[in-house]
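**Q** Encoded as structure tokens, here's the structure I'll be asking about.
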Amino acid sequence: MLLVDDHPVVRAGLKALLESTEQVEVVGEATSGDEAVEKARTLEPDIVIMDLAMPGMDGVHATRRITELGLEAKVLVVTIHDEDEYLVSALNAGAAGFLNKSAADTDLIGAVEAIARGHSYLPQHAAALLARRNAQGASSRKPGSEVLSSRELIAIKLYASGFSARETGKEMFLRPKTVEGYLARAKAKLDLHTRRDIVRFALEAGLLEGER
């Protein structure tokens, strides 16, 4: 686990909360986006707890860099900022989850456990906001899951839940390239382009029900 926040008191509080479970090891800390990217590269953590507002490179850009580098780390954004302002940007950058710091004391452990299992994590109100925003911006509804083959549907569900193509391949007993083919065909059928689009579709289609 890598903790990224420019406030030492916040990092100390998050570290104490996480390590109280005796199942999480914090392998490093960073105080800026640039440092977060470098430590994610060198320390190879499973999960990065990412703040958004920091000096230099912010958390959204740092998340995008970690994603673009193909690192195994999954990013959980934990911020004081409201979902209205940053949720879409964080998901577009590749974040696997989003949590407000005001709920960290009750929801952080569950969010980390969900992401560690390969799922995405969005609080209920954040998921509702994402679906509502997309519905408001859509001029017409896209085709539903009925246009997908069974394997395309499974691939989309796992990808929306935070699985990489390699992890999805393990679950489906397929090569990553084969999974990428299923994902590409599914996205073309549904006219989806970004991870945000796929998560929104999966939420509206009920594919992520019960996953927190």
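Labels used: A, B, ... for chains in the order of the structure tokens, numbers from 1 for residues in each chain, and numbers from 1 for ligands as shown.
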Please list as a PDB file with C-alpha atoms, in the first residue's frame every residue within 7 Å of Val4 in chain A, counting only C-alpha atoms and excluding residues in the same chain fewer than 4 positions away.
**A**
ATOM      1  CA  GLU A  29       4.359   7.400   1.501  1.00  0.00           C
ATOM      2  CA  ALA A  30       4.424  10.292  -0.975  1.00  0.00           C
ATOM      3  CA  THR A  31       3.621  13.979  -0.668  1.00  0.00           C
ATOM      4  CA  SER A  32       3.073  14.884  -4.333  1.00  0.00           C
ATOM      5  CA  ALA A  36       3.596   9.068  -6.109  1.00  0.00           C
ATOM      6  CA  ILE A  49      -4.389   5.695  -1.729  1.00  0.00           C
ATOM      7  CA  MET A  50      -4.385   8.958  -3.705  1.00  0.00           C
ATOM      8  CA  ASP A  51      -5.245  12.475  -2.587  1.00  0.00           C
TER       9      ASP A  51
END
**Q** Please identify all polymer residues within 12 Å of Glu35 in chain A, counting only C-alpha atoms, omitting same-chain residues fewer than 6 positions from it, and present them as a PyMOL selection string.
**A** chain A and resi 2-6+28-29+41-43+50+54-59+62-63+65-66
**Q** What are the DSSP alpha helix (DSSP H) residues of range 42-86 of chain A, as an NGL selection string?
**A** :A and (42-43 or 59-68 or 83-86)
**Q** Take the residues just selected and output them with C-alpha atoms as a compact mmCIF listing (two decimals), in the first residue's frame.
**A**
# COMPACT_ATOMS: atom_id res chain seq x y z
CA THR A 42 9.83 1.47 -7.59
CA LEU A 43 7.84 0.02 -4.68
CA GLY A 59 -3.77 13.30 -7.96
CA VAL A 60 -5.78 13.00 -11.18
CA HIS A 61 -2.67 13.40 -13.34
CA ALA A 62 -0.68 11.07 -11.09
CA THR A 63 -3.42 8.44 -11.40
CA ARG A 64 -3.36 8.79 -15.18
CA ARG A 65 0.44 8.38 -15.26
CA ILE A 66 0.31 5.24 -13.10
CA THR A 67 -2.36 3.83 -15.41
CA GLU A 68 -0.47 4.74 -18.58
CA GLU A 83 -17.86 13.80 -6.14
CA ASP A 84 -19.59 16.47 -8.24
CA GLU A 85 -16.25 18.11 -8.94
CA TYR A 86 -13.76 15.27 -9.35
**Q** Can you tell me which residues surround His81 in chain A at a distance of at most 12 Å, considering only C-alpha atoms, apart from same-chain residues fewer than 3 positions away, and format the answer as a list in words?
**A**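 So the residues in contact are Asp51, Leu52, Ala53, Gly59, Val77, Val78, Asp84, Glu85, Tyr86, Leu87, Ala90, Phe98, Leu99, Asn100, Lys101, Ser102 and Ala103 of chain A.
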**Q** Got time to write the residues from that selection, C-alpha atoms, as a short mmCIF file (atom, residue, chain, number, x, y, z; two decimals), in the first residue's frame?
**A**
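Saved the output as result13.cif:
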data_model
loop_
_atom_site.label_atom_id
_atom_site.label_comp_id
_atom_site.auth_asym_id
_atom_site.auth_seq_id
_atom_site.Cartn_x
_atom_site.Cartn_y
_atom_site.Cartn_z
CA ASP A 51 -5.24 12.48 -2.59
CA LEU A 52 -6.18 14.93 -5.34
CA ALA A 53 -5.08 18.43 -4.35
CA GLY A 59 -3.77 13.30 -7.96
CA VAL A 77 -8.90 8.23 -4.62
CA VAL A 78 -9.52 9.45 -1.07
CA ASP A 84 -19.59 16.47 -8.24
CA GLU A 85 -16.25 18.11 -8.94
CA TYR A 86 -13.76 15.27 -9.35
CA LEU A 87 -15.47 11.87 -9.71
CA ALA A 90 -10.68 10.45 -11.43
CA PHE A 98 -13.46 7.05 -5.11
CA LEU A 99 -14.06 7.87 -1.42
CA ASN A 100 -14.59 11.11 0.46
CA LYS A 101 -12.30 11.57 3.46
CA SER A 102 -15.32 12.32 5.63
CA ALA A 103 -16.31 8.65 5.27
#
**Q** Which residue is closest to Phe173 in chain A? Choose from A:Leu76, A:Ala116, A:Ile154, A:Val199 and count only C-alpha atoms.
**A**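 That would be A:Ile154, the residue with the smallest distance to Phe173 in chain A.
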